[in-house]
Amino acid sequence: MAAGTGQPVEPQYLPERPIVMVGPMAVGKSVIGAELARRLGLEFVDTDQRIVARHGSIGRIFSARGEHHFRQLEARAVADVLDAPQAKVVVLSLGGGAVLDTGTQQLMARATVVYLRATLDIIKERIIRSSGRPLLASDPLAAWSRLAAARGPVYARLADITIDVGTSSVPELVDRLIGLLAAESRKENTAP
Ligand SMILES: Nc1ncnc2c1ncn2[C@@H]1O[C@H](COP(=O)(O)OP(=O)(O)O)[C@@H](O)[C@H]1O
Ligand SMILES: O=C(O)C1=C[C@@H](OP(=O)(O)O)[C@@H](O)[C@H](O)C1
Ligand SMILES: [Mg+2]
């Protein structure tokens, strides 16, 4: 099916490993991951959505139990998907801070990791309007910039593929990503 038509499944590209979406808050990990999964005919898992379904809102977890507890739930949600000898081939979107856990970093070696990168300019309208991210509760622009800068080298080190989201739409980004994933998979399959 032609690119951009929104039809599921690209028959020429069948991923052999899970695909993990990383990057700073509001860059589009959840929406792009979900659309990528739909297009590839794969199951989609979002660690935040799983945590909320099982434990209630992220804001409430932070206020009642603290960030450390949230990080433990997050690491467990990642391990539930990736910590198997033959990890299921799914699209897994992480929260922006999940990559700080060393166990999670190790498990990501079993996946193809996609870093969605953006500048504050692209993100700022999204984070001014949004709520529900406790780490952006006060001075969201400064907090986002600080966290994106501190975590950027970790995302970059873990990534197999980096995409600057810029002003592209979600379908455009998914089209581009499928092309890059297919190229990455050919590279992995021909590596000596
Ligand atoms: N490329 C895009 N173009 C327009 N809006 C986007 C794009 N990517 C994400 N969004 C919007 O930005 C917000 C944050 O996206 P989300 O997927 O929740 O980010 P993340 O999971 O990285 O925090 C959502 O309202 C989403 O619809
Ligand atoms: O960057 C972070 O530390 C966080 C990112 C959020 O997910 P998104 O990146 O999907 O917004 C969510 O996990 C939580 O609010 C903490
Ligand atoms: Mg998300």
# chains A, B, ... in the order shown; residues from 1 in each chain; ligands from 1
>>> closest_atom_pairs(of="region 132-164 of chain A", to="region 18-23 of chain A", cutoff="10 Å", atoms="only C-alpha atoms", output="Markdown table")
| residue | atom | partner | partner_atom | distance |
| --- | --- | --- | --- | --- |
| A:Ala148 | CA | A:Gly23 | CA | 8.0 |
| A:Arg151 | CA | A:Gly23 | CA | 8.4 |
| A:Gly152 | CA | A:Gly23 | CA | 7.8 |
| A:Val154 | CA | A:Gly23 | CA | 9.5 |
| A:Tyr155 | CA | A:Gly23 | CA | 6.4 |
| A:Ala156 | CA | A:Gly23 | CA | 9.1 |
| A:Leu158 | CA | A:Val22 | CA | 9.0 |
| A:Ala159 | CA | A:Val22 | CA | 8.2 |
| A:Asp160 | CA | A:Val20 | CA | 9.9 |
| A:Ile161 | CA | A:Met21 | CA | 9.8 |
| A:Thr162 | CA | A:Gly23 | CA | 9.5 |
| A:Ile163 | CA | A:Gly23 | CA | 10.0 |
>>> write_last_selection(atoms="N, CA and C atoms", output="PDB file, in the first residue's frame")
ATOM      1  N   ALA A 148      15.510  17.719  29.012  1.00  0.00           N
ATOM      2  CA  ALA A 148      15.868  17.287  27.644  1.00  0.00           C
ATOM      3  C   ALA A 148      17.381  17.367  27.449  1.00  0.00           C
ATOM      4  N   ARG A 151      19.121  14.554  29.611  1.00  0.00           N
ATOM      5  CA  ARG A 151      18.883  13.176  29.154  1.00  0.00           C
ATOM      6  C   ARG A 151      19.290  12.956  27.691  1.00  0.00           C
ATOM      7  N   GLY A 152      19.494  14.052  26.974  1.00  0.00           N
ATOM      8  CA  GLY A 152      19.805  13.927  25.541  1.00  0.00           C
ATOM      9  C   GLY A 152      20.936  12.948  25.249  1.00  0.00           C
ATOM     10  N   VAL A 154      21.906  10.399  26.900  1.00  0.00           N
ATOM     11  CA  VAL A 154      21.473   9.007  27.163  1.00  0.00           C
ATOM     12  C   VAL A 154      20.617   8.518  25.997  1.00  0.00           C
ATOM     13  N   TYR A 155      19.653   9.339  25.572  1.00  0.00           N
ATOM     14  CA  TYR A 155      18.838   8.941  24.412  1.00  0.00           C
ATOM     15  C   TYR A 155      19.741   8.659  23.208  1.00  0.00           C
ATOM     16  N   ALA A 156      20.687   9.557  22.969  1.00  0.00           N
ATOM     17  CA  ALA A 156      21.542   9.431  21.786  1.00  0.00           C
ATOM     18  C   ALA A 156      22.382   8.161  21.849  1.00  0.00           C
ATOM     19  N   LEU A 158      21.658   5.354  23.369  1.00  0.00           N
ATOM     20  CA  LEU A 158      20.858   4.137  23.249  1.00  0.00           C
ATOM     21  C   LEU A 158      20.236   3.967  21.868  1.00  0.00           C
ATOM     22  N   ALA A 159      20.164   5.056  21.099  1.00  0.00           N
ATOM     23  CA  ALA A 159      19.361   5.036  19.877  1.00  0.00           C
ATOM     24  C   ALA A 159      20.031   4.299  18.723  1.00  0.00           C
ATOM     25  N   ASP A 160      19.236   3.519  17.993  1.00  0.00           N
ATOM     26  CA  ASP A 160      19.659   2.986  16.701  1.00  0.00           C
ATOM     27  C   ASP A 160      19.268   3.955  15.590  1.00  0.00           C
ATOM     28  N   ILE A 161      18.178   4.669  15.814  1.00  0.00           N
ATOM     29  CA  ILE A 161      17.654   5.610  14.817  1.00  0.00           C
ATOM     30  C   ILE A 161      17.273   6.891  15.550  1.00  0.00           C
ATOM     31  N   THR A 162      17.671   8.043  15.002  1.00  0.00           N
ATOM     32  CA  THR A 162      17.273   9.339  15.575  1.00  0.00           C
ATOM     33  C   THR A 162      16.485  10.110  14.522  1.00  0.00           C
ATOM     34  N   ILE A 163      15.353  10.651  14.945  1.00  0.00           N
ATOM     35  CA  ILE A 163      14.541  11.465  14.023  1.00  0.00           C
ATOM     36  C   ILE A 163      14.271  12.816  14.671  1.00  0.00           C
TER      37      ILE A 163
END
>>> residues_near_ligand(ligand="ligand 1", cutoff="8 Å", atoms="only C-alpha atoms and all ligand atoms", output="list in words")
Val22, Gly23, Pro24, Met25, Ala26, Val27, Gly28, Lys29, Ser30, Val31, Ile32, Gly33, Ser93, Leu94, Gly95, Gly96, Leu116, Ile123, Arg126, Ile127, Ser130, Val165, Gly166, Thr167, Ser168, Ser169, Val170, Pro171 and Leu173 of chain A
>>> closest_residue(among="A:Ala75, A:Leu141, A:Leu136, A:Ala182", to="Gly59 (chain A)", atoms="only C-alpha atoms")
A:Leu136
>>> select_by_dssp(residues="region 17-186 of chain A", states="strand (DSSP E or B)", output="JSON, numbers by chain")
{"A": [19, 20, 21, 22, 44, 45, 46, 91, 92, 93, 112, 113, 114, 115, 116, 117, 161, 162, 163, 164]}
>>> residues_around(residues="Arg54 (chain A)", least_positions_apart="6", cutoff="12 Å", atoms="only C-alpha atoms", output="list of chain:residue names")
A:Thr47, A:Asp48, A:Ile61, A:Leu73, A:Glu74, A:Ala77
